[in-house]
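Visitor: So here's data_7.tsv, just TSV, N, CA and C atoms:
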chain	number	residue	atom	x	y	z
A	1	MET	N	-198.42	112.03	3.47
A	1	MET	CA	-199.31	112.24	2.35
A	1	MET	C	-199.17	111.12	1.32
A	2	GLN	N	-197.91	110.72	1.05
A	2	GLN	CA	-197.69	109.67	0.04
A	2	GLN	C	-198.37	108.37	0.44
A	3	ASN	N	-198.33	107.99	1.72
A	3	ASN	CA	-198.98	106.76	2.16
A	3	ASN	C	-200.49	106.82	1.95
A	4	ALA	N	-201.09	107.97	2.19
A	4	ALA	CA	-202.53	108.12	2.01
A	4	ALA	C	-202.92	108.04	0.54
A	5	VAL	N	-202.09	108.59	-0.33
A	5	VAL	CA	-202.41	108.65	-1.76
A	5	VAL	C	-202.04	107.36	-2.48
A	6	SER	N	-201.01	106.67	-2.04
A	6	SER	CA	-200.52	105.51	-2.79
A	6	SER	C	-201.51	104.36	-2.85
A	7	ASP	N	-202.47	104.27	-1.94
A	7	ASP	CA	-203.48	103.20	-1.98
A	7	ASP	C	-204.78	103.64	-2.64
A	8	ALA	N	-204.83	104.85	-3.15
A	8	ALA	CA	-206.06	105.36	-3.79
A	8	ALA	C	-206.27	104.65	-5.13
A	9	PRO	N	-207.51	104.26	-5.44
A	9	PRO	CA	-207.78	103.63	-6.73
A	9	PRO	C	-207.60	104.62	-7.88
A	10	VAL	N	-207.03	104.15	-8.97
A	10	VAL	CA	-206.78	104.98	-10.15
A	10	VAL	C	-207.26	104.22	-11.38
A	11	PRO	N	-208.14	104.82	-12.19
A	11	PRO	CA	-208.55	104.13	-13.42
A	11	PRO	C	-207.39	104.08	-14.41
A	12	LEU	N	-207.19	102.91	-15.03
A	12	LEU	CA	-206.12	102.71	-16.01
A	12	LEU	C	-206.72	102.43	-17.38
A	13	ASP	N	-206.07	102.93	-18.41
A	13	ASP	CA	-206.40	102.60	-19.79
A	13	ASP	C	-205.22	101.87	-20.38
A	14	ALA	N	-205.47	100.74	-21.04
A	14	ALA	CA	-204.42	100.01	-21.75
A	14	ALA	C	-204.50	100.40	-23.22
A	15	VAL	N	-203.46	101.05	-23.72
A	15	VAL	CA	-203.45	101.55	-25.09
A	15	VAL	C	-202.61	100.61	-25.96
A	16	LEU	N	-203.26	99.96	-26.92
A	16	LEU	CA	-202.56	99.06	-27.84
A	16	LEU	C	-201.85	99.84	-28.95
A	17	HIS	N	-202.54	100.82	-29.50
A	17	HIS	CA	-202.00	101.52	-30.66
A	17	HIS	C	-202.75	102.83	-30.85
A	18	ARG	N	-202.08	103.85	-31.31
A	18	ARG	CA	-202.74	105.11	-31.64
A	18	ARG	C	-202.59	105.32	-33.14
A	19	MET	N	-203.69	105.76	-33.76
A	19	MET	CA	-203.66	106.01	-35.19
A	19	MET	C	-204.59	107.17	-35.53
A	20	VAL	N	-204.33	107.79	-36.66
A	20	VAL	CA	-205.16	108.89	-37.13
A	20	VAL	C	-206.11	108.34	-38.19
A	21	VAL	N	-207.40	108.59	-37.98
A	21	VAL	CA	-208.44	108.11	-38.89
A	21	VAL	C	-209.37	109.28	-39.16
A	22	SER	N	-209.89	109.35	-40.37
A	22	SER	CA	-210.79	110.45	-40.69
A	22	SER	C	-212.13	110.27	-39.96
A	23	LEU	N	-212.79	111.37	-39.70
A	23	LEU	CA	-214.10	111.32	-39.06
A	23	LEU	C	-215.10	110.57	-39.93
A	24	ALA	N	-214.98	110.68	-41.24
A	24	ALA	CA	-215.86	109.96	-42.15
A	24	ALA	C	-215.68	108.45	-42.00
A	25	ASP	N	-214.44	107.98	-41.86
A	25	ASP	CA	-214.18	106.54	-41.67
A	25	ASP	C	-214.76	106.05	-40.34
A	26	ILE	N	-214.63	106.86	-39.30
A	26	ILE	CA	-215.18	106.48	-38.00
A	26	ILE	C	-216.70	106.44	-38.07
A	27	ASP	N	-217.29	107.42	-38.72
A	27	ASP	CA	-218.74	107.49	-38.85
A	27	ASP	C	-219.29	106.31	-39.65
A	28	ALA	N	-218.48	105.77	-40.56
A	28	ALA	CA	-218.92	104.66	-41.40
A	28	ALA	C	-218.79	103.29	-40.71
A	29	LEU	N	-218.16	103.23	-39.54
A	29	LEU	CA	-217.99	101.94	-38.85
A	29	LEU	C	-219.34	101.37	-38.44
A	30	LYS	N	-219.47	100.05	-38.64
A	30	LYS	CA	-220.69	99.33	-38.25
A	30	LYS	C	-220.29	98.18	-37.33
A	31	ALA	N	-221.27	97.66	-36.62
A	31	ALA	CA	-221.01	96.49	-35.76
A	31	ALA	C	-220.45	95.37	-36.62
A	32	GLY	N	-219.36	94.77	-36.16
A	32	GLY	CA	-218.72	93.68	-36.89
A	32	GLY	C	-217.57	94.11	-37.77
A	33	ASP	N	-217.44	95.43	-38.03
A	33	ASP	CA	-216.30	95.92	-38.81
A	33	ASP	C	-215.01	95.70	-38.02
A	34	MET	N	-213.92	95.51	-38.74
A	34	MET	CA	-212.64	95.29	-38.08
A	34	MET	C	-211.68	96.43	-38.41
A	35	ILE	N	-210.87	96.79	-37.44
A	35	ILE	CA	-209.81	97.78	-37.63
A	35	ILE	C	-208.50	97.02	-37.54
A	36	THR	N	-207.69	97.11	-38.57
A	36	THR	CA	-206.42	96.38	-38.60
A	36	THR	C	-205.36	97.16	-37.83
A	37	LEU	N	-204.70	96.46	-36.92
A	37	LEU	CA	-203.60	97.05	-36.15
A	37	LEU	C	-202.29	96.43	-36.62
A	38	PRO	N	-201.18	97.15	-36.50
A	38	PRO	CA	-199.90	96.56	-36.87
A	38	PRO	C	-199.56	95.37	-35.96
A	39	ARG	N	-198.78	94.44	-36.48
A	39	ARG	CA	-198.39	93.25	-35.70
A	39	ARG	C	-197.70	93.62	-34.39
A	40	THR	N	-197.03	94.73	-34.37
A	40	THR	CA	-196.26	95.14	-33.19
A	40	THR	C	-197.13	95.77	-32.11
A	41	ALA	N	-198.42	95.97	-32.36
A	41	ALA	CA	-199.28	96.66	-31.40
A	41	ALA	C	-199.32	95.95	-30.04
A	42	ALA	N	-199.39	94.63	-30.03
A	42	ALA	CA	-199.47	93.89	-28.77
A	42	ALA	C	-198.13	93.77	-28.06
A	43	ALA	N	-197.06	94.22	-28.70
A	43	ALA	CA	-195.73	94.12	-28.09
A	43	ALA	C	-195.34	95.37	-27.32
A	44	ALA	N	-196.14	96.42	-27.42
A	44	ALA	CA	-195.77	97.66	-26.74
A	44	ALA	C	-197.01	98.35	-26.19
A	45	ILE	N	-197.73	97.68	-25.32
A	45	ILE	CA	-198.93	98.24	-24.72
A	45	ILE	C	-198.52	99.21	-23.62
A	46	MET	N	-199.15	100.37	-23.60
A	46	MET	CA	-198.87	101.36	-22.57
A	46	MET	C	-200.07	101.45	-21.63
A	47	LEU	N	-199.82	101.57	-20.34
A	47	LEU	CA	-200.88	101.84	-19.38
A	47	LEU	C	-200.87	103.33	-19.10
A	48	GLU	N	-202.06	103.93	-19.12
A	48	GLU	CA	-202.17	105.36	-18.88
A	48	GLU	C	-203.14	105.63	-17.74
A	49	ALA	N	-202.73	106.50	-16.84
A	49	ALA	CA	-203.57	106.96	-15.73
A	49	ALA	C	-203.51	108.47	-15.74
A	50	ALA	N	-204.65	109.10	-15.98
A	50	ALA	CA	-204.70	110.56	-16.12
A	50	ALA	C	-203.74	110.96	-17.23
A	51	GLU	N	-202.69	111.69	-16.92
A	51	GLU	CA	-201.75	112.11	-17.95
A	51	GLU	C	-200.40	111.41	-17.83
A	52	ALA	N	-200.32	110.37	-17.01
A	52	ALA	CA	-199.06	109.64	-16.84
A	52	ALA	C	-199.12	108.31	-17.59
A	53	SER	N	-198.01	107.95	-18.23
A	53	SER	CA	-197.92	106.68	-18.95
A	53	SER	C	-196.89	105.79	-18.26
A	54	VAL	N	-197.19	104.50	-18.23
A	54	VAL	CA	-196.27	103.51	-17.69
A	54	VAL	C	-196.18	102.38	-18.71
A	55	GLY	N	-194.99	101.92	-18.97
A	55	GLY	CA	-194.86	100.82	-19.91
A	55	GLY	C	-193.49	100.84	-20.55
A	56	PRO	N	-193.29	100.08	-21.55
A	56	PRO	CA	-194.27	99.27	-22.25
A	56	PRO	C	-194.51	97.92	-21.58
A	57	PHE	N	-195.62	97.30	-21.95
A	57	PHE	CA	-196.01	95.98	-21.48
A	57	PHE	C	-196.22	95.08	-22.69
A	58	LYS	N	-196.11	93.77	-22.48
A	58	LYS	CA	-196.42	92.79	-23.50
A	58	LYS	C	-197.67	92.02	-23.08
A	59	LEU	N	-198.52	91.70	-24.04
A	59	LEU	CA	-199.72	90.92	-23.78
A	59	LEU	C	-199.33	89.46	-23.63
A	60	GLY	N	-199.89	88.79	-22.63
A	60	GLY	CA	-199.59	87.38	-22.40
A	60	GLY	C	-200.71	86.70	-21.64
A	61	GLN	N	-200.40	85.56	-21.05
A	61	GLN	CA	-201.36	84.80	-20.26
A	61	GLN	C	-200.69	84.24	-19.02
A	62	ILE	N	-201.48	84.19	-17.95
A	62	ILE	CA	-201.05	83.52	-16.72
A	62	ILE	C	-202.22	82.69	-16.25
A	63	SER	N	-202.03	81.40	-16.12
A	63	SER	CA	-203.09	80.46	-15.69
A	63	SER	C	-204.36	80.63	-16.51
A	64	GLY	N	-204.21	80.82	-17.82
A	64	GLY	CA	-205.36	80.95	-18.70
A	64	GLY	C	-206.01	82.32	-18.71
A	65	GLN	N	-205.50	83.26	-17.92
A	65	GLN	CA	-206.06	84.62	-17.86
A	65	GLN	C	-205.18	85.55	-18.69
A	66	LYS	N	-205.80	86.52	-19.34
A	66	LYS	CA	-205.03	87.53	-20.06
A	66	LYS	C	-204.22	88.34	-19.05
A	67	ALA	N	-203.01	88.71	-19.41
A	67	ALA	CA	-202.13	89.43	-18.49
A	67	ALA	C	-201.22	90.37	-19.26
A	68	LEU	N	-200.70	91.36	-18.57
A	68	LEU	CA	-199.68	92.25	-19.11
A	68	LEU	C	-198.40	92.04	-18.33
A	69	ARG	N	-197.28	91.93	-19.06
A	69	ARG	CA	-195.97	91.78	-18.42
A	69	ARG	C	-195.15	93.00	-18.77
A	70	ARG	N	-194.58	93.64	-17.75
A	70	ARG	CA	-193.77	94.83	-17.96
A	70	ARG	C	-192.50	94.46	-18.70
A	71	VAL	N	-192.21	95.19	-19.76
A	71	VAL	CA	-191.00	94.98	-20.55
A	71	VAL	C	-189.94	95.93	-20.03
A	72	VAL	N	-188.83	95.38	-19.62
A	72	VAL	CA	-187.74	96.20	-19.09
A	72	VAL	C	-186.58	96.13	-20.06
A	73	ASP	N	-186.10	97.29	-20.46
A	73	ASP	CA	-184.95	97.32	-21.36
A	73	ASP	C	-183.71	96.90	-20.58
A	74	PRO	N	-182.87	96.05	-21.19
A	74	PRO	CA	-181.64	95.68	-20.50
A	74	PRO	C	-180.74	96.89	-20.32
A	75	PRO	N	-179.95	96.91	-19.22
A	75	PRO	CA	-179.06	98.06	-18.97
A	75	PRO	C	-177.96	98.17	-20.01
Please lay out the structure from this file as structure tokens.
Guide:
Amino acid sequence: MQNAVSDAPVPLDAVLHRMVVSLADIDALKAGDMITLPRTAAAAIMLEAAEASVGPFKLGQISGQKALRRVVDPP
């Protein structure tokens, strides 16, 4: 069963930061408005699939392409 499931495609979401914002602030957003994220947001990106999280990852580049690198805590 694991072999059959392990190659199945799974949609992933890359989450930079989670924050609480009022519905009024969201409703007031217009094209071109900016939302400020903390400087550390790109240093701890989490990948989420369904209800499982994997990470953290760091944002980077490989051969000019945007990439995520898994951050591993030292033992």
Visitor: Neighbouring residues of region 16-33 of chain A were defined as those with any atom within 9 Å, considering only C-alpha atoms; residues of the same chain fewer than 6 positions away were excluded. Please report them as a PyMOL selection string.
Guide: chain A and resi 40-46
Visitor: Can you tell me how far CA of Val54 (chain A) sits from CA of Ser6 (chain A), in Å to one decimal?
Guide: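 Atom-to-atom, CA of Val54 (chain A) and CA of Ser6 (chain A) are spaced 15.6 Å apart.
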Visitor: Hey, what does DSSP flag as alpha helix (DSSP H) within chain A? Can you give it to me as a compact mmCIF listing (two decimals) with N, CA and C atoms, in the frame of the given file?
Guide:
# COMPACT_ATOMS: atom_id res chain seq x y z
N GLN A 2 -197.91 110.72 1.05
CA GLN A 2 -197.69 109.67 0.04
C GLN A 2 -198.37 108.37 0.44
N ASN A 3 -198.33 107.99 1.72
CA ASN A 3 -198.98 106.76 2.16
C ASN A 3 -200.49 106.82 1.95
N ALA A 4 -201.09 107.97 2.19
CA ALA A 4 -202.53 108.12 2.01
C ALA A 4 -202.92 108.04 0.54
N VAL A 5 -202.09 108.59 -0.33
CA VAL A 5 -202.41 108.65 -1.76
C VAL A 5 -202.04 107.36 -2.48
N SER A 6 -201.01 106.67 -2.04
CA SER A 6 -200.52 105.51 -2.79
C SER A 6 -201.51 104.36 -2.85
N LEU A 23 -212.79 111.37 -39.70
CA LEU A 23 -214.10 111.32 -39.06
C LEU A 23 -215.10 110.57 -39.93
N ALA A 24 -214.98 110.68 -41.24
CA ALA A 24 -215.86 109.96 -42.15
C ALA A 24 -215.68 108.45 -42.00
N ASP A 25 -214.44 107.98 -41.86
CA ASP A 25 -214.18 106.54 -41.67
C ASP A 25 -214.76 106.05 -40.34
N ILE A 26 -214.63 106.86 -39.30
CA ILE A 26 -215.18 106.48 -38.00
C ILE A 26 -216.70 106.44 -38.07
N ASP A 27 -217.29 107.42 -38.72
CA ASP A 27 -218.74 107.49 -38.85
C ASP A 27 -219.29 106.31 -39.65
Visitor: To one decimal place, how far is atom C of Val10 (chain A) from atom N of Arg69 (chain A) in Å?
Guide: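 Taking atom C of Val10 (chain A) as the start and atom N of Arg69 (chain A) as the end point, the length is 17.6 Å.
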Visitor: If I take CA of Val5 (chain A) and atom C of Lys66 (chain A), how far is one from the other in Å, to one decimal?
Guide: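 Taking CA of Val5 (chain A) as the start and atom C of Lys66 (chain A) as the end point, the length is 26.7 Å.
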Visitor: Of the candidates A:Ala14, A:Ala50, A:Ala8, A:Gln2, which shows the shortest atom-to-atom distance to Ala67 (chain A), using only C-alpha atoms?
Guide: A:Ala14
Visitor: Determine, counting only C-alpha atoms, which protein, DNA and RNA residues have an atom within 7 Å of an atom of Val71 (chain A); residues of the same chain fewer than 5 positions away are not included. Present the result as a ChimeraX atom specification.
Guide: /A:56-58
Visitor: If you run DSSP on the backbone, which residues of chain A are strand (DSSP E), as JSON, numbers by chain?
Guide: {"A": [13, 14, 15, 45, 46, 47, 48, 49, 52, 53, 54, 55, 56, 57, 58, 59, 60, 61, 62, 65, 66, 67, 68, 69, 70]}
Visitor: What would the list of residues within 6 Å of (-203.7, 102.1, -20.5) (file frame) look like as a list in words, if only C-alpha atoms are what count?
Guide: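 Checked against the point, the hits come out as Leu12, Asp13, Ala14, Val15, Met46, Leu47 and Glu48 of chain A.
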